[in-house]
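For reference, the structure is listed below as structure tokens.
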Amino acid sequence: MVDNIAQHFRSNETTFLNVAEGLVRQVLDEYRPVLTNFLNPREIYIVTTLVNQQDDIKIFESGGYSSAENKRLLIAPSYYEPDAIDFEVMLIQVKYPEKFTMLHHSTILGTLMHNGIARHSIGDIIKGESETWYFSTTQEMGTFILSHFDRIGKTKVRFQKVTENDMTVINDDWVIVNTTVSSLRLDSIVANGYNISRSHTKEMIEHDLVKVNWATINKPDYVLAVNDLISVRHYGRLKLNELNGLTKKDKWRLTLAVIKK
């Protein structure tokens with residue numbers, strides 16, 4: 001199955017393609033649902049592409065709250081209808097003395113990973129109102145965190161299990177932009193999305209200020225693909241939502257979703 005579609009994906013995605021193919025094959029062979037770790041939007045797109053090639057299975061997703069970006073997938077036989085608990089996702093609020101200190105996304109993620117928690121066990125890390133922070137994690141890892149953690153960096157904190165109804169999340173305002181670019185290079189799309197010069201964009205990328213799917217990319221000529229999520233420090237985030245074909249001058253028509261800081 002992978003050999004037939006590998007040509008449509010990047011060479012560095014082959015390892016994940018093989019993992020995803022193994023999950024799909026497991027569902028087909030054992031005819032039971034299989035739950036993934038947390039996946040980013042690009043990984044979700046890859047798994048969905050594989051599942052859509054099969055008639056007897058389908059896919060469900062949950063990141064713990066309605067607008068989640070990182071999600072766990074349930075790949076399941078066509079007869080299966082999941083309950084929310086089947087995704088085994090826990091939402092946790094970080095409670096801390098907000099008047100005396102500030103937490104940041106990088107500090108929270110860094111602390112969790114420094115303590116041996118794998119990135120794929122953590123979903124979104126979300127900033128709420130009044131410097132409140134939340135994150136999603138697997139049920140098993142959430143139970144461990146609640147029992148064993150009491151600090152983020154040097155800050156004394158308290159972790160509390162919550163539901164989506166308890167969250168006071170600041171909704172991101174994505175702006176849809178239809179545009180054309182000369183190529184799908186990272187520097188070209190970032191420059192276009194934020195209306196900044198190509199040279200400045202190239203400099204930011206080479207200085208590790210740009211991430212694609214949460215991984216730092218320092219190559220301006222890195223080629224983007226559908227469902228890539230790009231973070232640009234001091235500017236915001238953008239997503240490559242759709243490729244809409246080529247113009248007569250061989251430029252790409254594409255749809256971006258953009259958040260500006």
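Scheme for the structure tokens: letters A, B, ... for chains in order shown; per-chain residue numbers from 1; ligand numbers from 1 in order shown.
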
Tell me which protein, DNA and RNA residues are within 10 Å of His104 in chain A, counting only C-alpha atoms, leaving out same-chain ones fewer than 2 positions away, and put them as an mmCIF file with C-alpha atoms, in the first residue's frame.
```cif
data_model
loop_
_atom_site.group_PDB
_atom_site.id
_atom_site.type_symbol
_atom_site.label_atom_id
_atom_site.label_comp_id
_atom_site.auth_asym_id
_atom_site.auth_seq_id
_atom_site.Cartn_x
_atom_site.Cartn_y
_atom_site.Cartn_z
ATOM 1 C CA MET A 102 4.635 33.680 33.953
ATOM 2 C CA SER A 106 8.152 26.144 25.638
ATOM 3 C CA THR A 107 8.681 25.930 29.406
ATOM 4 C CA ILE A 108 5.738 23.581 29.891
ATOM 5 C CA LEU A 109 6.698 21.315 26.990
ATOM 6 C CA GLY A 110 10.367 21.416 27.918
ATOM 7 C CA ILE A 125 -0.562 23.088 25.039
ATOM 8 C CA ILE A 126 -3.112 25.891 25.168
ATOM 9 C CA LYS A 127 -3.013 29.362 26.676
ATOM 10 C CA GLU A 131 -2.313 33.514 31.830
ATOM 11 C CA TRP A 133 -2.529 27.144 30.725
ATOM 12 C CA ILE A 152 7.138 23.609 35.706
#
```

List as a PyMOL selection string the protein and nucleic acid residues near range 148-150 of chain A, meaning an atom at most 12 Å away when only C-alpha atoms are counted, but skip any in the same chain fewer than 6 places from it. chain A and resi 94-96+108+111-112+115+117+141-142+156-160

May I have the selected residues written with N, CA, C and O atoms, as a compact mmCIF listing (two decimals), in the first residue's frame?
```txt
# COMPACT_ATOMS: atom_id res chain seq x y z
N VAL A 94 -2.93 23.83 34.41
CA VAL A 94 -1.75 24.15 35.22
C VAL A 94 -2.11 25.34 36.10
O VAL A 94 -2.31 26.46 35.59
N LYS A 95 -2.17 25.13 37.38
CA LYS A 95 -2.50 26.20 38.32
C LYS A 95 -1.22 26.65 39.00
O LYS A 95 -0.45 25.82 39.51
N TYR A 96 -1.00 27.98 39.01
CA TYR A 96 0.25 28.51 39.55
C TYR A 96 0.02 29.96 39.97
O TYR A 96 -1.00 30.57 39.62
N ILE A 108 6.59 24.71 29.53
CA ILE A 108 5.74 23.58 29.89
C ILE A 108 6.17 22.34 29.12
O ILE A 108 6.40 21.26 29.71
N THR A 111 9.68 21.07 30.22
CA THR A 111 9.68 20.37 31.52
C THR A 111 9.15 18.95 31.37
O THR A 111 9.73 18.00 31.91
N LEU A 112 8.06 18.80 30.64
CA LEU A 112 7.49 17.46 30.46
C LEU A 112 8.47 16.54 29.74
O LEU A 112 8.69 15.40 30.15
N ASN A 115 11.53 15.41 31.67
CA ASN A 115 11.22 14.35 32.64
C ASN A 115 10.84 13.03 31.98
O ASN A 115 10.24 12.16 32.61
N ILE A 117 8.88 12.37 29.27
CA ILE A 117 7.58 12.18 28.62
C ILE A 117 7.75 12.44 27.12
O ILE A 117 8.21 13.50 26.70
N MET A 141 -0.70 8.82 30.87
CA MET A 141 0.32 9.80 31.22
C MET A 141 -0.24 10.88 32.12
O MET A 141 0.44 11.38 33.02
N GLY A 142 -1.50 11.26 31.91
CA GLY A 142 -2.13 12.25 32.77
C GLY A 142 -2.21 11.79 34.21
O GLY A 142 -1.95 12.57 35.14
N LYS A 156 6.55 26.40 41.25
CA LYS A 156 5.68 25.45 41.93
C LYS A 156 4.28 25.55 41.33
O LYS A 156 3.71 26.63 41.22
N VAL A 157 3.73 24.42 40.91
CA VAL A 157 2.43 24.42 40.25
C VAL A 157 1.57 23.30 40.83
O VAL A 157 2.06 22.41 41.55
N ARG A 158 0.29 23.36 40.46
CA ARG A 158 -0.62 22.26 40.78
C ARG A 158 -1.35 21.87 39.51
O ARG A 158 -1.89 22.72 38.80
N PHE A 159 -1.32 20.61 39.18
CA PHE A 159 -2.01 20.10 38.00
C PHE A 159 -3.39 19.61 38.40
O PHE A 159 -3.55 18.91 39.41
N GLN A 160 -4.38 19.97 37.59
CA GLN A 160 -5.76 19.60 37.91
C GLN A 160 -6.46 19.10 36.65
O GLN A 160 -6.42 19.75 35.60
```

Compare A:Ser136, A:Ile85, A:Tyr45, A:Leu28 by their minimum atom-to-atom distance to Ala68 in chain A, counting only C-alpha atoms, and give me the closest one.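 Of A:Ser136, A:Ile85, A:Tyr45, A:Leu28, the one nearest Ala68 in chain A is A:Ser136, counting only C-alpha atoms.
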
Nearest residue to Trp174 in chain A from the set A:Leu229, A:Leu246, A:Gly153, A:Lys260 (distances using only C-alpha atoms):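 Among the listed residues, the smallest separation from Trp174 in chain A belongs to A:Lys260.
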
So what do you get for CA of Asp221 in chain A versus CA of Ile189 in chain A, distance-wise? 10.5 Å

Given only C-alpha atoms as the counted atoms, nearest of A:Ile145, A:Leu256, A:Ala215, A:Val169 to Gly193 in chain A: A:Leu256

Using CA of Val175 in chain A and CA of His200 in chain A as the two end points, give the distance in Å to one decimal.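 Between CA of Val175 in chain A and CA of His200 in chain A the gap works out to 22.5 Å.
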
All helix (DSSP H, G or I) residues (DSSP, backbone) inside range 29-176 of chain A, as number ranges by chain: A: 29-30, 41-51, 84-87, 105-114, 119-121, 129-131, 139-148, 164-166

Just asking: which residues within range 158-190 of chain A are strand (DSSP E or B) according to DSSP, as a PDB file with N, CA and C atoms, in the first residue's frame?
```pdb
ATOM      1  N   ARG A 158       0.290  23.356  40.462  1.00  0.00           N
ATOM      2  CA  ARG A 158      -0.624  22.258  40.783  1.00  0.00           C
ATOM      3  C   ARG A 158      -1.352  21.871  39.508  1.00  0.00           C
ATOM      4  N   PHE A 159      -1.323  20.607  39.180  1.00  0.00           N
ATOM      5  CA  PHE A 159      -2.010  20.098  38.003  1.00  0.00           C
ATOM      6  C   PHE A 159      -3.391  19.606  38.399  1.00  0.00           C
ATOM      7  N   GLN A 160      -4.379  19.973  37.595  1.00  0.00           N
ATOM      8  CA  GLN A 160      -5.760  19.601  37.910  1.00  0.00           C
ATOM      9  C   GLN A 160      -6.460  19.098  36.650  1.00  0.00           C
ATOM     10  N   LYS A 161      -7.086  17.948  36.764  1.00  0.00           N
ATOM     11  CA  LYS A 161      -7.851  17.395  35.648  1.00  0.00           C
ATOM     12  C   LYS A 161      -9.097  18.244  35.429  1.00  0.00           C
ATOM     13  N   VAL A 162      -9.393  18.603  34.157  1.00  0.00           N
ATOM     14  CA  VAL A 162     -10.557  19.432  33.837  1.00  0.00           C
ATOM     15  C   VAL A 162     -11.268  18.832  32.621  1.00  0.00           C
ATOM     16  N   VAL A 169     -10.496  29.147  26.894  1.00  0.00           N
ATOM     17  CA  VAL A 169      -9.502  29.247  25.838  1.00  0.00           C
ATOM     18  C   VAL A 169      -9.728  30.497  25.004  1.00  0.00           C
ATOM     19  N   VAL A 175      -7.328  33.643   9.516  1.00  0.00           N
ATOM     20  CA  VAL A 175      -7.766  34.388   8.337  1.00  0.00           C
ATOM     21  C   VAL A 175      -7.418  33.559   7.100  1.00  0.00           C
ATOM     22  N   ILE A 176      -8.416  33.307   6.256  1.00  0.00           N
ATOM     23  CA  ILE A 176      -8.210  32.525   5.039  1.00  0.00           C
ATOM     24  C   ILE A 176      -7.691  33.437   3.936  1.00  0.00           C
ATOM     25  N   VAL A 177      -6.591  33.025   3.318  1.00  0.00           N
ATOM     26  CA  VAL A 177      -5.955  33.811   2.269  1.00  0.00           C
ATOM     27  C   VAL A 177      -5.781  32.925   1.038  1.00  0.00           C
ATOM     28  N   ASN A 178      -6.325  33.345  -0.095  1.00  0.00           N
ATOM     29  CA  ASN A 178      -6.096  32.677  -1.373  1.00  0.00           C
ATOM     30  C   ASN A 178      -5.046  33.476  -2.132  1.00  0.00           C
ATOM     31  N   THR A 179      -3.988  32.813  -2.531  1.00  0.00           N
ATOM     32  CA  THR A 179      -2.877  33.536  -3.124  1.00  0.00           C
ATOM     33  C   THR A 179      -2.167  32.653  -4.141  1.00  0.00           C
ATOM     34  N   THR A 180      -1.157  33.212  -4.798  1.00  0.00           N
ATOM     35  CA  THR A 180      -0.308  32.442  -5.708  1.00  0.00           C
ATOM     36  C   THR A 180       1.147  32.629  -5.285  1.00  0.00           C
ATOM     37  N   VAL A 181       1.940  31.585  -5.449  1.00  0.00           N
ATOM     38  CA  VAL A 181       3.359  31.649  -5.113  1.00  0.00           C
ATOM     39  C   VAL A 181       4.154  31.008  -6.246  1.00  0.00           C
ATOM     40  N   ARG A 185       8.326  26.377  -1.727  1.00  0.00           N
ATOM     41  CA  ARG A 185       9.418  26.514  -0.765  1.00  0.00           C
ATOM     42  C   ARG A 185       8.928  27.216   0.501  1.00  0.00           C
TER      43      ARG A 185
END
```

Env of range 58-62 of chain A: 9 Å cut, atoms = only C-alpha atoms, seq-sep filter 6 positions within chain, self excluded. Answer as a list of chain:residue names.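 The residues satisfying every condition are A:Ile44, A:Val47, A:Thr48, A:Val51, A:Asn52, A:Ala68, A:Asn70, A:Lys71, A:Arg72, A:Leu73, A:Leu74, A:Ile75, A:Ala76, A:Pro77, A:Ser78, A:Tyr80, A:Glu81, A:Pro82, A:Ala84, A:Phe87, A:Val89.
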
In terms of the shortest atom-to-atom distance over only C-alpha atoms, which of A:Ser199, A:Trp214, A:Lys249, A:Leu209 is closest to Arg233 in chain A? A:Leu209

Point-to-point distance in Å for CA of Thr137 in chain A and CA of Leu23 in chain A: 20.5 Å

Considering only C-alpha atoms, return as a PyMOL selection string whatever protein or nucleic-acid residues lie within 8 Å of Val210 in chain A, sequence-local ones (same chain, fewer than 5 positions apart) excluded. chain A and resi 204-205+216-218+230-233

Selection to disk with N, CA and C atoms, as a CSV table (one decimal), in the first residue's frame:
```csv
chain,number,residue,atom,x,y,z
A,204,MET,N,15.4,34.5,8.9
A,204,MET,CA,14.7,34.0,10.0
A,204,MET,C,14.7,32.4,10.0
A,205,ILE,N,14.6,31.8,8.9
A,205,ILE,CA,14.6,30.4,8.8
A,205,ILE,C,16.0,29.9,9.1
A,216,THR,N,11.9,22.5,14.2
A,216,THR,CA,12.7,23.6,13.6
A,216,THR,C,13.2,23.2,12.2
A,217,ILE,N,13.0,24.0,11.2
A,217,ILE,CA,13.5,23.8,9.9
A,217,ILE,C,14.3,25.0,9.5
A,218,ASN,N,15.6,24.7,9.2
A,218,ASN,CA,16.5,25.9,8.9
A,218,ASN,C,16.9,25.9,7.4
A,230,ILE,N,2.9,25.9,10.1
A,230,ILE,CA,4.2,26.7,10.2
A,230,ILE,C,4.1,27.7,11.3
A,231,SER,N,5.1,27.7,12.2
A,231,SER,CA,5.1,28.7,13.2
A,231,SER,C,6.3,29.6,13.0
A,232,VAL,N,6.1,30.9,13.0
A,232,VAL,CA,7.1,31.9,12.8
A,232,VAL,C,7.2,32.8,14.0
A,233,ARG,N,8.3,32.8,14.7
A,233,ARG,CA,8.5,33.5,15.9
A,233,ARG,C,8.3,35.0,15.6
```

Measuring atom to atom with only C-alpha atoms, identify which of A:Ile259, A:Tyr31, A:Phe9, A:Trp252 is nearest to Thr49 in chain A.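 Among A:Ile259, A:Tyr31, A:Phe9, A:Trp252, it is A:Phe9 that comes nearest to Thr49 in chain A.
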
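Taking only C-alpha atoms into account, Val212 in chain A lies nearest to A:Arg42 out of the set A:His234, A:Lys154, A:His114, A:Arg42.
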